[in-house]
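The structure appears below as structure tokens.
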Amino acid sequence: MDYLTLNKEAWNKRAALHVSSTFYDVNGFLSGKTSLNKIELNALNDVQGKRLLHLQCHFGLDTLSWARLGAEVTGVDLSETAIEHANSLAKQSELAATFICRDVIEFGRTVNAEYDIVFTSYGVLCWMPDINLWAQTVANSLKEGGTFYLCEFHPYFDLLSGFSYFHQADGDVIKEGTYTENCDGELTELITWSHPISDVVNALIKVGIQITELNEYPYSPYNCFDGLELGDDGFYYVADSKQEIPLLFEIKGVKC
């Protein structure tokens with residue numbers, strides 16, 4: 001099965017819906033709001049003048065939010081529809097950005113090691129059939145001494161949802177709608193892969209990324225899963241649980 005074609009078609013459909021959703025709040029962004037969360041802003045608190053590469057950038061809100069903070073940004077995504085909207089938003093917001101429509105692994109085979117920061121976040125790793133090739137893209141993109149940062153949904157929560165915690169080469173073929181409130185009810189077929197945190201960390205270490213931080217959190221900035229409730233701190237937690245359930249993890253590292 002051609003996973004790239006299948007997943008690209010699904011994300012083209014999603015991008016067309018997402019750009020008009022209140023979940024992404026494009027109008028808020030155009031009026032000056034940031035789409036970035038406190039977690040990643042605290043981790044990368046000074047991007048002024050830095051060359052920042054955003055892998056799996058979707059339609060560019062986070063990429064352009066980093067540009068507003070002074071970064072020289074490039075975004076990469078598989079979806080043609082997402083990249084079209086990203087370029088349109090760059091023009092509307094009068095922010096300089098370069099957007100590239102390409103599979104992340106393919107992009108990593110030809111990219112030059114010229115970026116000060118590689119950033120990626122929230123629902124990105126499950127689309128990678130080979131976490132080692134993904135890590136190689138990160139390493140190939142970074143200058144020596146450059147910073148890598150990932151904030152991602154925790155694979156433990158996927159286990160509670162019925163998926164494997166450990167990697168399976170064939171992946172999971174699923175049919176689901178999108179996660180925004182304007183979902184049209186259409187189910188699309190996609191292929192996803194599980195990656196335990198140990199695999200992610202080891203893949204990065206093998207390509208020369210020195211891990212400086214690994215953190216786990218019992219909350220999500222987004223109400224994008226069933227069974228979450230809003231906490232007093234503005235984050236979403238698993239409702240009716242006697243114990244805190246990990247929903248996010250973040251990794252920060254430096255290319256040696």
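We label chains A, B, ... in the order they appear in the structure tokens, count residues from 1 in each chain, and number ligands from 1 in the order shown.
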Contact residues around Ser220 in chain A with only C-alpha atoms at 12 Å, ignoring same-chain residues under 3 positions, as a compact mmCIF listing (two decimals) with C-alpha atoms, in the first residue's frame:
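Saved to selection26.txt:
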# COMPACT_ATOMS: atom_id res chain seq x y z
CA ASN A 37 1.75 27.27 23.25
CA LYS A 38 3.54 28.09 26.48
CA ILE A 39 5.41 24.78 26.37
CA TYR A 122 1.84 17.70 18.09
CA GLY A 123 0.81 14.66 16.10
CA CYS A 151 6.71 18.44 21.61
CA GLU A 152 4.50 15.44 20.91
CA PHE A 153 1.44 13.58 22.16
CA HIS A 154 2.45 10.79 24.50
CA PHE A 157 -2.36 7.63 25.52
CA GLU A 216 6.49 14.35 30.24
CA TYR A 217 3.25 16.15 31.07
CA ASN A 223 -9.04 19.43 23.43
CA CYS A 224 -8.49 17.02 20.56
CA PHE A 225 -9.12 13.64 22.23
CA GLY A 227 -12.53 12.21 27.50
CA LEU A 228 -10.56 15.38 28.24
CA GLU A 229 -11.63 18.19 30.55
CA LEU A 230 -10.33 21.71 30.97
CA GLY A 231 -8.23 22.37 34.08
CA ASP A 233 -4.51 26.17 34.36
CA GLY A 234 -5.96 26.24 30.84
CA PHE A 235 -4.70 22.78 29.87
CA TYR A 236 -6.78 19.66 29.19
CA TYR A 237 -6.54 16.54 31.37
CA VAL A 238 -8.00 13.04 31.19
CA ILE A 245 -2.23 10.17 32.57
CA PRO A 246 0.72 11.34 30.44
CA LEU A 247 -0.54 13.24 27.39
CA LEU A 248 2.61 15.02 26.16
CA PHE A 249 6.34 14.61 26.06
CA GLU A 250 9.03 16.98 24.86
**Study point:** Contacts of Glu186 in chain A at 10 Å (only C-alpha atoms; same-chain gap of 3+ positions) as a ChimeraX atom specification
**Key:** /A:13,175-178,183
Residues at most 10 Å from Leu78 in chain A, counting only C-alpha atoms, excluding those fewer than 5 positions away in the same chain, as an mmCIF file with N, CA and C atoms, in the first residue's frame?
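Result file follows (result.cif):
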data_model
loop_
_atom_site.group_PDB
_atom_site.id
_atom_site.type_symbol
_atom_site.label_atom_id
_atom_site.label_comp_id
_atom_site.auth_asym_id
_atom_site.auth_seq_id
_atom_site.Cartn_x
_atom_site.Cartn_y
_atom_site.Cartn_z
ATOM 1 N N LEU A 4 2.263 7.114 1.351
ATOM 2 C CA LEU A 4 2.419 8.542 1.081
ATOM 3 C C LEU A 4 1.228 9.111 0.324
ATOM 4 N N THR A 5 0.787 8.396 -0.705
ATOM 5 C CA THR A 5 -0.373 8.854 -1.478
ATOM 6 C C THR A 5 -1.619 8.871 -0.621
ATOM 7 N N ASN A 7 -1.940 9.020 2.746
ATOM 8 C CA ASN A 7 -1.911 10.034 3.790
ATOM 9 C C ASN A 7 -1.933 11.455 3.226
ATOM 10 N N LYS A 8 -1.326 11.654 2.049
ATOM 11 C CA LYS A 8 -1.370 12.967 1.426
ATOM 12 C C LYS A 8 -2.805 13.340 1.057
ATOM 13 N N GLU A 9 -3.557 12.408 0.481
ATOM 14 C CA GLU A 9 -4.948 12.677 0.126
ATOM 15 C C GLU A 9 -5.765 13.031 1.361
ATOM 16 N N TRP A 11 -4.658 14.314 4.211
ATOM 17 C CA TRP A 11 -4.266 15.606 4.777
ATOM 18 C C TRP A 11 -4.624 16.766 3.864
ATOM 19 N N ASN A 12 -4.732 16.526 2.570
ATOM 20 C CA ASN A 12 -5.271 17.569 1.698
ATOM 21 C C ASN A 12 -6.710 17.892 2.077
ATOM 22 N N LEU A 55 9.377 21.084 10.556
ATOM 23 C CA LEU A 55 9.015 19.860 9.858
ATOM 24 C C LEU A 55 7.551 19.519 10.132
ATOM 25 N N GLN A 56 6.833 19.101 9.084
ATOM 26 C CA GLN A 56 5.398 18.805 9.162
ATOM 27 C C GLN A 56 4.636 20.024 9.697
ATOM 28 N N CYS A 57 4.726 21.086 8.918
ATOM 29 C CA CYS A 57 4.250 22.403 9.360
ATOM 30 C C CYS A 57 2.751 22.611 9.158
ATOM 31 N N HIS A 58 2.052 21.648 8.519
ATOM 32 C CA HIS A 58 0.639 21.791 8.184
ATOM 33 C C HIS A 58 0.480 23.082 7.361
ATOM 34 N N ILE A 83 0.263 23.568 1.988
ATOM 35 C CA ILE A 83 1.309 24.507 1.569
ATOM 36 C C ILE A 83 0.713 25.685 0.808
ATOM 37 N N ILE A 100 7.802 24.457 1.654
ATOM 38 C CA ILE A 100 8.208 23.411 0.721
ATOM 39 C C ILE A 100 7.243 22.237 0.852
ATOM 40 N N CYS A 101 6.681 21.801 -0.270
ATOM 41 C CA CYS A 101 5.775 20.651 -0.277
ATOM 42 C C CYS A 101 6.585 19.393 -0.590
ATOM 43 N N ARG A 102 6.853 18.613 0.460
ATOM 44 C CA ARG A 102 7.647 17.417 0.267
ATOM 45 C C ARG A 102 7.499 16.500 1.482
ATOM 46 N N ASP A 103 7.614 15.217 1.243
ATOM 47 C CA ASP A 103 7.693 14.255 2.336
ATOM 48 C C ASP A 103 8.939 14.539 3.167
ATOM 49 N N VAL A 104 8.827 14.435 4.481
ATOM 50 C CA VAL A 104 9.921 14.780 5.379
ATOM 51 C C VAL A 104 11.164 13.928 5.119
ATOM 52 N N PHE A 107 12.745 15.007 1.863
ATOM 53 C CA PHE A 107 13.372 16.305 2.094
ATOM 54 C C PHE A 107 14.725 16.139 2.784
#
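Comparing the minimum interatomic distances between Arg109 in chain A and each of A:Trp134, A:Tyr179, A:Tyr149, A:Trp66, counting only C-alpha atoms, we find that A:Trp134 sits nearest.
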**Study point:** 6 Å contact set for Ile251 in chain A, only C-alpha atoms, chain neighbours under 2 positions out, as a PyMOL selection string
**Key:** chain A and resi 149-150+213-214
How would the residues just chosen look if you wrote them out with C-alpha atoms as an mmCIF file, in the first residue's frame?
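This is the output file part-v9.cif:
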data_model
loop_
_atom_site.group_PDB
_atom_site.id
_atom_site.type_symbol
_atom_site.label_atom_id
_atom_site.label_comp_id
_atom_site.auth_asym_id
_atom_site.auth_seq_id
_atom_site.Cartn_x
_atom_site.Cartn_y
_atom_site.Cartn_z
ATOM 1 C CA TYR A 149 12.948 20.575 19.692
ATOM 2 C CA LEU A 150 9.955 18.226 19.662
ATOM 3 C CA GLU A 213 15.880 17.656 28.126
ATOM 4 C CA LEU A 214 13.198 14.974 28.191
#
Practice item. Extract, using only C-alpha atoms, all DNA, RNA and protein residues at most 7 Å from Thr192 in chain A, discarding same-chain residues fewer than 3 positions from it, and format them as a list in words. Key: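 Returned residues: Cys126, Trp127, Gly171, Asp172 and Val173 of chain A.
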Exercise for review: Quick one: pick out all alpha helix (DSSP H) residues within range 18-189 of chain A from a backbone DSSP run and write them as number ranges by chain.
Suggested key: A: 18, 26-30, 38-43, 61-68, 80-93, 104-110, 131-141, 155-160
**Study point:** Exercise: Ser65 in chain A partners within 12 Å, only C-alpha atoms, chain neighbours under 6 positions left out, as a PyMOL selection string
**Key:** chain A and resi 26+28-37+40-41+47+52+54+57+59+71-75+86+89-90+93-97
Point to revise | Selected residue of minimal separation from Ile191 in chain A among A:Ser161, A:Gln168, A:Gln210, A:Thr120, counting only C-alpha atoms | key: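 Once distances to Ile191 in chain A are computed over only C-alpha atoms, the minimum belongs to A:Gln168.
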Review point. From the set A:Met128, A:Ile205, A:Val118, A:Leu53, which residue has the shortest atom-to-atom contact distance to Thr147 in chain A, counting only C-alpha atoms?
Key: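 That would be A:Val118, the residue with the smallest distance to Thr147 in chain A.
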**Study point:** Selection near Ile174 in chain A, 12 Å with only C-alpha atoms, sequence-local residues under 4 positions removed, as a ChimeraX atom specification
**Key:** /A:3,6-7,10,162-163,187-193
Could those residues be written to a file, using C-alpha atoms, as a short mmCIF file (atom, residue, chain, number, x, y, z; two decimals), in the first residue's frame?
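Output contents, as saved in part34.cif:
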data_model
loop_
_atom_site.label_atom_id
_atom_site.label_comp_id
_atom_site.auth_asym_id
_atom_site.auth_seq_id
_atom_site.Cartn_x
_atom_site.Cartn_y
_atom_site.Cartn_z
CA TYR A 3 1.18 5.19 2.42
CA LEU A 6 -3.00 7.69 1.01
CA ASN A 7 -1.91 10.03 3.79
CA ALA A 10 -6.28 12.56 3.68
CA GLY A 162 -6.17 0.60 21.47
CA PHE A 163 -2.96 1.09 19.51
CA LEU A 187 -14.10 9.16 7.19
CA THR A 188 -10.78 8.93 5.38
CA GLU A 189 -8.27 6.09 5.35
CA LEU A 190 -4.80 6.71 6.77
CA ILE A 191 -1.78 4.72 7.89
CA THR A 192 -0.05 5.47 11.20
CA TRP A 193 2.86 4.00 13.15
#
**Study point:** Those in range 7-203 of chain A with strand (DSSP E) from DSSP, as a PyMOL selection string
**Key:** chain A and resi 51-55+72-77+97-101+115-121+142-153+172-176+188-192
**Study point:** Residue with smallest distance to His85 in chain A - pool A:Phe99, A:Phe148, A:Tyr165, A:Tyr222, counting only C-alpha atoms
**Key:**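 Closest candidate: A:Phe99.
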Review point. Restricting the calculation to only C-alpha atoms, which member of A:Asp46, A:Thr98, A:Asp226, A:Pro221 is positioned closest to Ser121 in chain A?
Key: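 Ranking A:Asp46, A:Thr98, A:Asp226, A:Pro221 by distance to Ser121 in chain A, first place goes to A:Pro221.
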Check your understanding: Using only C-alpha atoms, which of A:Thr110, A:Asn202, A:Ser241, A:Thr180 sits nearest Ala135 in chain A?
Key ->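 For Ala135 in chain A, the nearest of the given residues is A:Asn202.
Taking CA of Leu142 in chain A and CA of Phe119 in chain A as the two end points, the separation is 10.5 Å.
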